[in-house]
file model05.txt (compact mmCIF, C-alpha atoms)
# COMPACT_ATOMS: atom_id res chain seq x y z
CA MET A 183 104.61 -30.48 117.95
CA SER A 184 103.12 -33.56 116.38
CA SER A 185 102.63 -34.38 112.75
CA ARG A 186 99.02 -33.41 113.27
CA ASP A 187 100.10 -29.87 114.12
CA LEU A 188 102.37 -30.05 111.15
CA ALA A 189 99.50 -30.90 108.87
CA ALA A 190 97.46 -28.08 110.39
CA ASN A 191 100.25 -25.67 109.52
CA GLY A 192 100.52 -27.02 106.02
CA PRO A 193 99.58 -25.25 102.84
CA ALA A 194 96.46 -27.31 102.22
CA ARG A 195 94.51 -25.81 105.08
CA SER A 196 95.63 -22.28 104.47
CA LEU A 197 95.02 -22.43 100.76
CA SER A 198 91.48 -23.66 101.14
CA SER A 199 90.60 -20.55 103.12
CA GLY A 200 93.05 -18.22 101.43
CA PRO A 201 96.60 -18.34 102.74
CA ALA A 202 97.90 -16.17 105.53
CA PRO A 203 100.37 -13.55 104.29
CA GLY A 204 103.36 -15.61 105.41
CA GLN A 205 101.98 -18.69 103.74
CA LEU A 206 101.44 -16.83 100.50
CA ALA A 207 105.09 -15.83 100.54
CA ASP A 208 106.06 -19.51 100.80
CA VAL A 209 103.78 -20.48 97.92
CA LEU A 210 105.12 -17.67 95.71
CA GLU A 211 108.70 -18.55 96.56
CA ARG A 212 108.22 -22.17 95.61
CA VAL A 213 105.94 -21.98 92.58
CA LEU A 214 107.73 -19.05 90.93
CA ASP A 215 111.32 -19.72 91.91
CA LYS A 216 111.69 -23.48 92.42
CA GLY A 217 110.48 -26.57 90.65
CA ILE A 218 111.61 -27.84 87.30
CA VAL A 219 111.79 -25.31 84.52
CA VAL A 220 110.16 -26.50 81.35
CA ALA A 221 110.26 -24.38 78.25
CA GLY A 222 106.76 -24.75 76.88
CA ASP A 223 105.51 -24.28 73.33
CA ILE A 224 104.08 -20.99 74.42
CA GLN A 225 107.08 -18.85 74.96
CA ILE A 226 106.16 -16.87 77.98
CA ASN A 227 109.80 -17.76 77.86
CA LEU A 228 112.23 -17.61 80.70
CA LEU A 229 112.66 -13.92 80.16
CA ASP A 230 109.08 -13.20 81.14
CA ILE A 231 109.31 -15.49 84.11
CA GLU A 232 112.43 -13.69 85.25
CA LEU A 233 110.63 -10.40 84.92
CA LEU A 234 107.69 -11.81 86.77
CA THR A 235 109.65 -12.93 89.78
CA ILE A 236 111.57 -9.70 89.86
CA ARG A 237 108.42 -7.65 89.63
CA LEU A 238 106.86 -9.60 92.42
CA ARG A 239 109.84 -9.09 94.60
CA LEU A 240 109.85 -5.42 93.87
CA LEU A 241 106.15 -5.09 94.43
CA ILE A 242 106.77 -6.51 97.82
CA ALA A 243 110.06 -4.98 98.80
CA SER A 244 111.57 -1.98 97.09
CA ALA A 245 115.13 -2.61 96.01
CA ASP A 246 116.60 0.00 98.33
CA LYS A 247 114.71 -1.27 101.31
CA ALA A 248 115.73 -4.81 100.50
CA ARG A 249 119.40 -3.89 100.12
CA GLU A 250 119.20 -2.19 103.46
CA MET A 251 118.06 -5.52 104.85
CA GLY A 252 120.89 -7.33 103.09
CA ILE A 253 118.81 -8.82 100.30
CA ASP A 254 120.63 -8.72 97.00
CA TRP A 255 119.05 -11.41 94.85
CA TRP A 256 119.03 -9.25 91.83
CA ASP A 257 122.55 -7.89 91.94
CA GLY A 258 123.63 -10.52 89.45
CA ASP A 259 120.51 -10.01 87.42
CA PRO A 260 120.89 -8.26 84.07
CA PHE A 261 117.33 -6.91 84.12
CA LEU A 262 117.80 -5.18 87.40
CA SER A 263 121.20 -3.68 87.03
CA GLY A 264 119.43 -0.50 85.92
CA ARG A 265 116.45 1.31 87.30
CA ARG A 266 113.95 -1.31 86.38
CA ARG A 267 111.74 -0.66 89.36
CA ASP A 268 108.42 -1.19 87.70
CA GLY A 269 107.25 -2.76 84.49
CA ASN A 270 108.46 -0.44 81.78
CA GLU A 271 106.23 -1.61 78.99
CA LEU A 272 107.97 0.24 76.24
CA GLU A 273 111.35 -1.08 77.26
CA ASP A 274 109.97 -4.61 77.49
CA ARG A 275 108.50 -4.40 74.03
CA LEU A 276 111.67 -2.95 72.60
CA ARG A 277 113.68 -5.74 74.14
CA ARG A 278 111.35 -8.41 72.78
CA LEU A 279 111.51 -6.92 69.32
CA GLU A 280 115.26 -6.72 69.45
CA GLU A 281 115.42 -10.32 70.48
CA LYS A 282 113.14 -11.41 67.69
CA ALA A 283 115.31 -9.50 65.27
CA GLY A 284 118.41 -11.14 66.76
CA LEU A 285 119.87 -7.81 67.84
CA PRO A 286 121.86 -7.33 71.00
CA VAL A 287 119.41 -6.61 73.80
CA THR A 288 119.14 -3.09 75.18
CA GLY A 289 119.06 -2.81 78.92
CA GLU A 290 121.78 -5.34 79.50
CA ASP A 291 124.54 -2.97 78.62
CA ARG A 292 124.30 -0.56 81.50
CA MET B 231 94.01 -11.69 67.73
CA THR B 232 95.23 -13.77 70.63
CA ALA B 233 92.40 -12.78 72.95
CA THR B 234 89.68 -13.39 70.39
CA ALA B 235 91.06 -16.79 69.43
CA ALA B 236 89.39 -18.10 72.62
CA GLY B 237 91.53 -21.17 72.46
CA THR B 238 92.59 -23.52 75.18
CA LEU B 239 96.19 -24.13 76.11
CA TRP B 240 97.75 -26.93 78.14
CA TYR B 241 99.33 -25.97 81.42
CA ALA B 242 101.63 -28.59 82.95
CA TYR B 243 101.72 -28.67 86.76
CA ALA B 244 103.85 -31.61 87.78
CA VAL B 245 105.30 -34.96 86.86
CA VAL B 246 103.96 -37.90 88.88
CA GLY B 247 104.66 -41.57 89.08
CA PRO B 248 103.83 -44.32 89.11
CA VAL B 249 100.40 -43.73 87.68
CA ASP B 250 97.70 -45.78 89.37
CA ALA B 251 94.00 -45.62 90.17
CA GLU B 252 94.65 -43.41 93.20
CA VAL B 253 96.42 -40.82 91.09
CA ARG B 254 93.57 -40.84 88.59
CA ALA B 255 91.02 -40.47 91.39
CA ALA B 256 92.94 -37.53 92.90
CA LEU B 257 92.82 -35.70 89.59
CA GLY B 258 89.10 -36.03 89.13
CA GLY B 259 87.87 -34.98 85.73
CA GLU B 260 89.58 -31.60 85.72
CA PHE B 261 93.11 -32.60 84.85
CA GLU B 262 94.67 -34.99 82.43
CA LEU B 263 97.55 -37.38 82.65
CA VAL B 264 99.86 -37.32 79.68
CA GLY B 265 102.01 -40.43 79.70
CA SER B 266 101.66 -43.50 81.85
CA GLY B 267 103.54 -45.99 83.96
CA GLU B 268 106.56 -44.66 85.80
CA ALA B 269 106.15 -41.01 84.83
CA ALA B 270 103.28 -38.89 83.57
CA VAL B 271 102.64 -35.17 83.33
CA VAL B 272 99.61 -33.69 85.04
CA ALA B 273 98.23 -31.00 82.79
CA GLY B 274 95.03 -29.07 82.52
CA PRO B 275 93.36 -26.59 80.21
CA VAL B 276 93.89 -22.87 80.67
CA ASP B 277 92.32 -20.08 78.72
CA GLU B 278 94.40 -18.63 75.93
CA ALA B 279 92.83 -15.29 76.83
CA ASP B 280 94.91 -15.43 80.04
CA TYR B 281 97.88 -17.57 79.09
CA GLY B 282 98.44 -16.71 75.43
CA THR B 283 101.89 -15.45 74.51
CA ASP B 284 101.20 -11.72 74.49
CA VAL B 285 98.44 -11.65 77.07
CA LEU B 286 100.46 -13.45 79.68
CA ALA B 287 103.17 -10.81 79.65
CA GLU B 288 100.45 -8.29 80.56
CA ARG B 289 98.94 -10.55 83.19
CA LEU B 290 102.29 -10.91 84.86
CA ASN B 291 102.05 -7.24 85.80
CA ASP B 292 98.91 -7.91 87.77
CA ARG B 293 99.94 -9.00 91.22
CA GLU B 294 96.50 -10.29 92.21
CA TRP B 295 96.24 -12.36 89.05
CA VAL B 296 99.68 -13.81 89.63
CA GLU B 297 98.91 -14.68 93.23
CA GLN B 298 95.75 -16.49 92.23
CA ALA B 299 97.43 -18.32 89.37
CA VAL B 300 100.26 -19.40 91.64
CA GLN B 301 97.84 -20.65 94.27
CA ALA B 302 95.87 -22.58 91.67
CA HIS B 303 99.13 -24.23 90.59
CA GLU B 304 99.94 -25.17 94.18
CA ARG B 305 96.44 -26.58 94.81
CA VAL B 306 96.88 -29.05 91.94
CA VAL B 307 100.28 -30.10 93.28
CA GLN B 308 98.82 -30.54 96.78
CA ARG B 309 96.14 -32.90 95.44
CA LEU B 310 98.84 -35.18 94.10
CA LEU B 311 101.16 -35.12 97.07
CA PRO B 312 99.33 -37.72 99.21
CA VAL B 313 98.97 -40.26 96.40
CA ALA B 314 102.19 -40.33 94.39
CA ALA B 315 105.76 -39.16 94.09
CA VAL B 316 105.56 -35.65 92.64
CA VAL B 317 108.10 -33.51 90.83
CA PRO B 318 106.59 -30.04 90.70
CA LEU B 319 107.17 -27.87 87.66
CA ARG B 320 107.80 -24.19 87.91
CA PHE B 321 105.01 -21.77 87.12
CA GLY B 322 104.30 -21.27 83.43
CA SER B 323 104.96 -24.51 81.59
CA ILE B 324 102.41 -23.95 78.86
CA HIS B 325 101.91 -25.99 75.72
CA ARG B 326 99.88 -25.56 72.60
CA ASP B 327 98.33 -29.00 72.75
CA ARG B 328 98.56 -32.46 74.26
CA GLU B 329 101.30 -33.41 71.81
CA GLY B 330 103.43 -30.55 73.11
CA VAL B 331 103.14 -31.89 76.65
CA ALA B 332 103.90 -35.43 75.47
CA ALA B 333 106.97 -34.20 73.58
CA PHE B 334 108.52 -32.51 76.60
CA LEU B 335 107.84 -35.55 78.77
CA HIS B 336 109.45 -37.78 76.16
CA SER B 337 112.51 -35.55 75.91
CA ARG B 338 113.26 -35.74 79.64
CA ARG B 339 111.55 -38.90 80.78
CA ASP B 340 114.67 -40.58 82.15
CA ASP B 341 115.51 -37.52 84.28
CA PHE B 342 112.00 -37.42 85.65
CA VAL B 343 111.94 -41.12 86.50
CA ALA B 344 115.23 -40.71 88.39
CA THR B 345 114.01 -37.64 90.26
CA LEU B 346 110.72 -39.34 91.14
CA ALA B 347 112.68 -42.22 92.63
CA ARG B 348 114.79 -39.81 94.67
CA VAL B 349 111.81 -38.00 96.20
CA ARG B 350 109.45 -40.98 96.56
CA GLY B 351 108.15 -41.39 100.10
CA ARG B 352 109.56 -38.01 101.09
CA VAL B 353 108.13 -34.57 101.61
CA GLU B 354 109.65 -31.15 101.69
CA LEU B 355 109.41 -29.36 105.02
CA GLY B 356 110.28 -25.70 105.38
CA VAL B 357 111.99 -24.43 108.50
CA LYS B 358 112.10 -20.73 109.22
CA VAL B 359 113.91 -19.20 112.13
CA TRP B 360 112.69 -15.87 113.43
CA LEU B 361 114.23 -13.36 115.74
CA GLU B 362 111.81 -11.73 118.18
CA PRO B 363 111.95 -7.93 117.98
CA GLN B 364 113.30 -7.68 121.56
CA GLU B 365 116.22 -9.89 120.54
CA GLU B 366 117.34 -7.31 118.04
CA GLN B 367 119.78 -4.59 118.81
CA ARG B 368 118.26 -1.61 120.62
CA PRO B 369 119.45 1.87 119.65
CA PRO B 370 121.82 3.38 122.21
CA ALA B 371 120.25 5.65 124.83
CA ALA B 372 120.48 9.41 124.35
CA ALA B 373 123.98 10.65 125.10
CA THR B 374 124.85 13.81 127.00
CA SER B 375 127.95 14.64 124.98
CA GLY B 376 129.26 14.15 121.49
CA ARG B 377 132.10 11.99 122.76
CA GLU B 378 129.77 9.82 124.81
CA TYR B 379 127.55 9.47 121.76
CA LEU B 380 130.41 8.28 119.58
CA GLU B 381 131.58 5.82 122.21
CA ARG B 382 128.13 4.39 122.57
CA GLN B 383 127.86 4.08 118.80
CA ARG B 384 131.13 2.21 118.67
CA ALA B 385 130.16 -0.09 121.54
CA ALA B 386 126.81 -0.77 119.85
CA ARG B 387 128.53 -1.64 116.58
CA GLU B 388 130.86 -4.06 118.34
CA ARG B 389 128.02 -5.71 120.20
CA HIS B 390 126.10 -5.94 116.95
CA ALA B 391 128.98 -7.61 115.09
CA ALA B 392 129.58 -10.07 117.93
CA ALA B 393 125.87 -10.88 118.12
CA GLY B 394 125.77 -11.42 114.35
CA ALA B 395 128.68 -13.85 114.39
CA GLU B 396 127.20 -15.70 117.34
CA LEU B 397 123.83 -15.94 115.62
CA ASP B 398 125.46 -17.30 112.46
CA ASP B 399 127.06 -20.05 114.53
CA ARG B 400 123.78 -20.99 116.15
CA LEU B 401 122.00 -21.07 112.80
CA ARG B 402 124.74 -23.21 111.30
CA ARG B 403 124.34 -25.72 114.11
CA ILE B 404 120.58 -25.77 113.64
CA HIS B 405 121.01 -26.43 109.92
CA GLU B 406 123.52 -29.23 110.58
CA ARG B 407 121.19 -30.98 113.00
CA LEU B 408 118.27 -30.70 110.57
CA LEU B 409 120.45 -32.01 107.73
CA ALA B 410 121.18 -35.04 109.91
CA ALA B 411 117.43 -35.61 110.31
CA SER B 412 116.76 -35.35 106.56
CA ASP B 413 118.02 -36.55 103.18
CA GLU B 414 118.97 -33.16 101.84
CA GLY B 415 118.58 -29.53 102.76
CA VAL B 416 118.94 -26.11 101.20
CA LEU B 417 119.27 -22.65 102.69
CA ASN B 418 117.23 -20.05 100.84
CA ARG B 419 117.37 -16.34 101.38
CA PRO B 420 115.34 -15.22 104.34
CA GLN B 421 112.15 -13.52 103.20
CA ALA B 422 111.78 -9.77 103.62
CA ARG B 423 109.37 -8.34 106.19
CA GLU B 424 107.33 -6.81 103.39
CA LEU B 425 106.80 -10.28 102.01
CA THR B 426 106.10 -12.04 105.30
CA GLY B 427 104.03 -9.29 106.88
CA ASP B 428 105.61 -10.32 110.16
CA PRO B 429 107.14 -7.89 112.67
CA ARG B 430 109.83 -10.44 113.49
CA ARG B 431 112.96 -10.72 111.39
CA MET B 432 113.48 -13.97 109.52
CA VAL B 433 117.09 -15.06 109.96
CA MET B 434 116.94 -18.50 108.33
CA ASN B 435 114.77 -19.89 105.56
CA ALA B 436 115.56 -23.52 104.84
CA ALA B 437 113.91 -26.51 103.18
CA TYR B 438 114.59 -30.18 103.82
CA LEU B 439 113.71 -33.36 101.99
CA VAL B 440 112.37 -35.57 104.75
CA ALA B 441 111.50 -39.27 104.85
CA ASP B 442 110.53 -39.52 108.53
CA ASP B 443 108.60 -36.40 109.38
CA ASP B 444 107.90 -37.42 112.99
CA ALA B 445 111.61 -37.78 113.69
CA PHE B 446 112.32 -34.50 111.92
CA VAL B 447 109.68 -32.64 113.92
CA ALA B 448 111.01 -34.21 117.12
CA GLU B 449 114.45 -32.79 116.27
CA VAL B 450 112.88 -29.36 115.69
CA GLU B 451 111.27 -29.70 119.10
CA ARG B 452 114.66 -30.44 120.70
CA LEU B 453 116.15 -27.45 118.88
CA ARG B 454 113.40 -25.26 120.28
CA ARG B 455 114.38 -26.35 123.79
CA ASP B 456 118.06 -25.79 123.07
CA GLU B 457 117.49 -22.39 121.47
CA PRO B 458 114.71 -20.79 123.52
CA SER B 459 115.42 -17.29 122.22
CA LEU B 460 114.84 -18.28 118.58
CA VAL B 461 111.45 -19.05 117.07
CA LEU B 462 111.50 -22.11 114.83
CA GLU B 463 108.57 -22.56 112.45
CA VAL B 464 107.93 -25.65 110.37
CA THR B 465 105.87 -25.37 107.17
CA GLY B 466 104.59 -28.03 104.83
CA PRO B 467 104.38 -30.74 103.85
CA TRP B 468 105.21 -29.38 100.42
CA ALA B 469 105.96 -31.09 97.16
CA PRO B 470 109.76 -31.18 96.74
CA TYR B 471 110.00 -27.84 94.91
CA ASN B 472 113.46 -27.24 96.33
CA PHE B 473 114.70 -30.70 95.37
CA ALA B 474 113.29 -31.08 91.89
CA ASP B 475 116.51 -29.86 90.26
CA ALA B 476 116.46 -27.76 87.15
CA PRO B 477 118.91 -29.24 84.66
CA GLU B 478 117.94 -26.74 81.96
CA ARG B 479 119.15 -23.73 83.90

call {"tool": "encode", "arguments": {"input": "model05.txt", "output": "structure tokens"}}
result
Amino acid sequence: MSSRDLAANGPARSLSSGPAPGQLADVLERVLDKGIVVAGDIQINLLDIELLTIRLRLLIASADKAREMGIDWWDGDPFLSGRRRDGNELEDRLRRLEEKAGLPVTGEDR
Amino acid sequence: MTATAAGTLWYAYAVVGPVDAEVRAALGGEFELVGSGEAAVVAGPVDEADYGTDVLAERLNDREWVEQAVQAHERVVQRLLPVAAVVPLRFGSIHRDREGVAAFLHSRRDDFVATLARVRGRVELGVKVWLEPQEEQRPPAAATSGREYLERQRAARERHAAAGAELDDRLRRIHERLLAASDEGVLNRPQARELTGDPRRMVMNAAYLVADDDAFVAEVERLRRDEPSLVLEVTGPWAPYNFADAPER
């Protein structure tokens, strides 16, 4: 394999024509999970980003299935210690409100 | 109110440096450089109707939207990669205005300059190792008695454990040889089949910070010869997402 092949396998080509499924996984992994974290003025805040990455992972692999395959990223994750399988809007809102009010956050005490 | 405000927010994609005419040309008119000299932030406008505080939380539930937003982020980073040292930011660094972007650059400029120096002239290459389906353990053949069944189960478990330990050793050696051909390397969790859409099982998912990509690829080629039963895939070149460090976390 030469560096030409390497370039042909690179993200640039795939992205211009829509990435192959495997390539998309690599892009998601990097852009959502790696790179420097900067807290912006707009607080989509780290909490939402955490939820985002977790949701994506769960959209893609159900937690049970993933555990079966030995994937346990979220075991140390407070948001996932419960049955947070899909976006529970009400729970999210409650948690945000509690945070704003400086109360202890529900959902982390399971 | 957020959606009707129809405002524009500033989304920061990456830190680059040094800033020169080539960097400016790569950005075209779509993106702006905040800062100058050794380190500047590449930022661009995004619609508050998508990226405003409350809206974004909703958008994050929309997988298609997220995929497109993530790909747009990566496209900007890819434009910069050939022309400058790049420190990619994680998805979702959003600021109210140009001053917000300038303030965050100012607060961490020294870090960024140091990181840019560390990754300059290098790219990130991903290496995935796959196991062909026929390399995986087959279920034991149908048994004629309960005892035979149990014995076959036990034998299969032992074979499986031995194969797993042996595979770990081989993967460790692969990683060591690739580390020797690179500046740094990290092992990430192998991606799930549901994510890869590939019938093969991913058994290693690594990234390396590489100065000499020809030499690195040549080493991968040698590994392929030494490990004919494993499939080694190289991806990239990527911006050094895995080597950007995240001091705030």

call {"tool": "interface_residues", "arguments": {"input": "model05.txt", "of": "chain B", "to": "chain A", "cutoff": "6 Å", "atoms": "all atoms listed in the file", "output": "PDB file with C-alpha atoms, in the coordinates of the input"}}
result
ATOM      1  CA  THR B 283     101.890 -15.450  74.510  1.00  0.00           C
ATOM      2  CA  LEU B 290     102.290 -10.910  84.860  1.00  0.00           C
ATOM      3  CA  PRO B 318     106.590 -30.040  90.700  1.00  0.00           C
ATOM      4  CA  LEU B 319     107.170 -27.870  87.660  1.00  0.00           C
ATOM      5  CA  ARG B 320     107.800 -24.190  87.910  1.00  0.00           C
ATOM      6  CA  PHE B 321     105.010 -21.770  87.120  1.00  0.00           C
ATOM      7  CA  SER B 323     104.960 -24.510  81.590  1.00  0.00           C
ATOM      8  CA  ILE B 324     102.410 -23.950  78.860  1.00  0.00           C
ATOM      9  CA  HIS B 325     101.910 -25.990  75.720  1.00  0.00           C
ATOM     10  CA  ARG B 326      99.880 -25.560  72.600  1.00  0.00           C
ATOM     11  CA  GLU B 424     107.330  -6.810 103.390  1.00  0.00           C
ATOM     12  CA  LEU B 425     106.800 -10.280 102.010  1.00  0.00           C
ATOM     13  CA  THR B 426     106.100 -12.040 105.300  1.00  0.00           C
ATOM     14  CA  THR B 465     105.870 -25.370 107.170  1.00  0.00           C
ATOM     15  CA  GLY B 466     104.590 -28.030 104.830  1.00  0.00           C
ATOM     16  CA  PRO B 467     104.380 -30.740 103.850  1.00  0.00           C
ATOM     17  CA  TYR B 471     110.000 -27.840  94.910  1.00  0.00           C
ATOM     18  CA  ASN B 472     113.460 -27.240  96.330  1.00  0.00           C
ATOM     19  CA  ALA B 474     113.290 -31.080  91.890  1.00  0.00           C
ATOM     20  CA  ALA B 476     116.460 -27.760  87.150  1.00  0.00           C
TER      21      ALA B 476
END

call {"tool": "residues_near_point", "arguments": {"input": "model05.txt", "point": "(93.5, -17.2, 83.5)", "cutoff": "10 Å", "atoms": "all atoms listed in the file", "output": "PyMOL selection string"}}
result
chain B and resi 275-282+285-286+289+295-296+298-299

call {"tool": "axis_aligned_box", "arguments": {"input": "model05.txt", "around": "segment 394-400 of chain B", "padding_each_side": "8 Å", "output": "lines of an AutoDock Vina configuration file"}}
result
center_x = 126.2
center_y = -16.2
center_z = 114.9
size_x = 20.9
size_y = 25.6
size_z = 20.9

call {"tool": "atom_distance", "arguments": {"input": "model05.txt", "atom1": "atom CA of Asp413 of chain B", "atom2": "atom CA of Leu439 of chain B"}}
result
5.5 Å

call {"tool": "closest_residue", "arguments": {"input": "model05.txt", "among": "B:Glu449, B:Glu463, B:Leu239, B:Arg382", "to": "Gly322 of chain B", "atoms": "all atoms listed in the file"}}
result
B:Leu239

call {"tool": "atom_distance", "arguments": {"input": "model05.txt", "atom1": "atom CA of Gly267 of chain B", "atom2": "atom CA of Ala344 of chain B"}}
result
13.6 Å

call {"tool": "residues_around", "arguments": {"input": "model05.txt", "residues": "Trp468 of chain B", "least_positions_apart": "6", "cutoff": "7 Å", "atoms": "all atoms listed in the file", "output": "JSON, numbers by chain"}}
result
{"B": [353, 354, 355]}

call {"tool": "atom_distance", "arguments": {"input": "model05.txt", "atom1": "atom CA of Val357 of chain B", "atom2": "atom CA of Phe342 of chain B"}}
result
26.3 Å

call {"tool": "residues_around", "arguments": {"input": "model05.txt", "residues": "Val317 of chain B", "least_positions_apart": "6", "cutoff": "7 Å", "atoms": "all atoms listed in the file", "output": "list in words"}}
result
Ala244, Val245, Val246, Leu346, Pro470 and Ala474 of chain B

call {"tool": "residues_around", "arguments": {"input": "model05.txt", "residues": "Asp456 of chain B", "least_positions_apart": "4", "cutoff": "12 Å", "atoms": "all atoms listed in the file", "output": "list in words"}}
result
Arg400, Leu401, Arg403, Ile404, Arg407, Glu449, Val450, Glu451, Arg452, Leu460, Val461 and Leu462 of chain B

call {"tool": "build_atoms", "arguments": {"input": "model05.txt", "residues": "segment 293-315 of chain B", "atoms": "N, CA and C atoms", "output": "PDB file, in the frame of the given file"}}
result
ATOM      1  N   ARG B 293      99.530  -8.208  90.057  1.00  0.00           N
ATOM      2  CA  ARG B 293      99.940  -9.000  91.220  1.00  0.00           C
ATOM      3  C   ARG B 293      98.833  -9.937  91.699  1.00  0.00           C
ATOM      4  N   GLU B 294      97.595  -9.436  91.729  1.00  0.00           N
ATOM      5  CA  GLU B 294      96.500 -10.290  92.210  1.00  0.00           C
ATOM      6  C   GLU B 294      96.318 -11.503  91.307  1.00  0.00           C
ATOM      7  N   TRP B 295      96.392 -11.254  90.002  1.00  0.00           N
ATOM      8  CA  TRP B 295      96.240 -12.360  89.050  1.00  0.00           C
ATOM      9  C   TRP B 295      97.344 -13.386  89.283  1.00  0.00           C
ATOM     10  N   VAL B 296      98.549 -12.899  89.437  1.00  0.00           N
ATOM     11  CA  VAL B 296      99.680 -13.810  89.630  1.00  0.00           C
ATOM     12  C   VAL B 296      99.507 -14.619  90.912  1.00  0.00           C
ATOM     13  N   GLU B 297      99.092 -13.967  91.971  1.00  0.00           N
ATOM     14  CA  GLU B 297      98.910 -14.680  93.230  1.00  0.00           C
ATOM     15  C   GLU B 297      97.880 -15.788  93.088  1.00  0.00           C
ATOM     16  N   GLN B 298      96.789 -15.472  92.389  1.00  0.00           N
ATOM     17  CA  GLN B 298      95.750 -16.490  92.230  1.00  0.00           C
ATOM     18  C   GLN B 298      96.219 -17.633  91.338  1.00  0.00           C
ATOM     19  N   ALA B 299      96.936 -17.279  90.281  1.00  0.00           N
ATOM     20  CA  ALA B 299      97.430 -18.320  89.370  1.00  0.00           C
ATOM     21  C   ALA B 299      98.424 -19.233  90.090  1.00  0.00           C
ATOM     22  N   VAL B 300      99.258 -18.631  90.907  1.00  0.00           N
ATOM     23  CA  VAL B 300     100.260 -19.400  91.640  1.00  0.00           C
ATOM     24  C   VAL B 300      99.588 -20.318  92.666  1.00  0.00           C
ATOM     25  N   GLN B 301      98.565 -19.819  93.309  1.00  0.00           N
ATOM     26  CA  GLN B 301      97.840 -20.650  94.270  1.00  0.00           C
ATOM     27  C   GLN B 301      97.085 -21.790  93.590  1.00  0.00           C
ATOM     28  N   ALA B 302      96.550 -21.518  92.412  1.00  0.00           N
ATOM     29  CA  ALA B 302      95.870 -22.580  91.670  1.00  0.00           C
ATOM     30  C   ALA B 302      96.865 -23.686  91.314  1.00  0.00           C
ATOM     31  N   HIS B 303      98.058 -23.274  90.909  1.00  0.00           N
ATOM     32  CA  HIS B 303      99.130 -24.230  90.590  1.00  0.00           C
ATOM     33  C   HIS B 303      99.425 -25.095  91.821  1.00  0.00           C
ATOM     34  N   GLU B 304      99.594 -24.450  92.964  1.00  0.00           N
ATOM     35  CA  GLU B 304      99.940 -25.170  94.180  1.00  0.00           C
ATOM     36  C   GLU B 304      98.810 -26.117  94.622  1.00  0.00           C
ATOM     37  N   ARG B 305      97.567 -25.705  94.421  1.00  0.00           N
ATOM     38  CA  ARG B 305      96.440 -26.580  94.810  1.00  0.00           C
ATOM     39  C   ARG B 305      96.478 -27.898  94.027  1.00  0.00           C
ATOM     40  N   VAL B 306      96.813 -27.820  92.744  1.00  0.00           N
ATOM     41  CA  VAL B 306      96.880 -29.050  91.940  1.00  0.00           C
ATOM     42  C   VAL B 306      98.007 -29.943  92.480  1.00  0.00           C
ATOM     43  N   VAL B 307      99.143 -29.327  92.760  1.00  0.00           N
ATOM     44  CA  VAL B 307     100.280 -30.100  93.280  1.00  0.00           C
ATOM     45  C   VAL B 307      99.914 -30.733  94.623  1.00  0.00           C
ATOM     46  N   GLN B 308      99.204 -30.001  95.463  1.00  0.00           N
ATOM     47  CA  GLN B 308      98.820 -30.540  96.780  1.00  0.00           C
ATOM     48  C   GLN B 308      97.860 -31.732  96.669  1.00  0.00           C
ATOM     49  N   ARG B 309      97.039 -31.750  95.629  1.00  0.00           N
ATOM     50  CA  ARG B 309      96.140 -32.900  95.440  1.00  0.00           C
ATOM     51  C   ARG B 309      96.926 -34.170  95.176  1.00  0.00           C
ATOM     52  N   LEU B 310      98.055 -34.008  94.510  1.00  0.00           N
ATOM     53  CA  LEU B 310      98.840 -35.180  94.100  1.00  0.00           C
ATOM     54  C   LEU B 310      99.728 -35.701  95.213  1.00  0.00           C
ATOM     55  N   LEU B 311     100.142 -34.797  96.079  1.00  0.00           N
ATOM     56  CA  LEU B 311     101.160 -35.120  97.070  1.00  0.00           C
ATOM     57  C   LEU B 311     100.848 -36.358  97.918  1.00  0.00           C
ATOM     58  N   PRO B 312      99.591 -36.536  98.370  1.00  0.00           N
ATOM     59  CA  PRO B 312      99.330 -37.720  99.210  1.00  0.00           C
ATOM     60  C   PRO B 312      99.306 -39.042  98.442  1.00  0.00           C
ATOM     61  N   VAL B 313      99.204 -39.011  97.125  1.00  0.00           N
ATOM     62  CA  VAL B 313      98.970 -40.260  96.400  1.00  0.00           C
ATOM     63  C   VAL B 313     100.115 -40.732  95.511  1.00  0.00           C
ATOM     64  N   ALA B 314     101.117 -39.893  95.288  1.00  0.00           N
ATOM     65  CA  ALA B 314     102.190 -40.330  94.390  1.00  0.00           C
ATOM     66  C   ALA B 314     103.448 -39.514  94.640  1.00  0.00           C
ATOM     67  N   ALA B 315     104.563 -39.998  94.112  1.00  0.00           N
ATOM     68  CA  ALA B 315     105.760 -39.160  94.090  1.00  0.00           C
ATOM     69  C   ALA B 315     105.495 -38.042  93.084  1.00  0.00           C
TER      70      ALA B 315
END
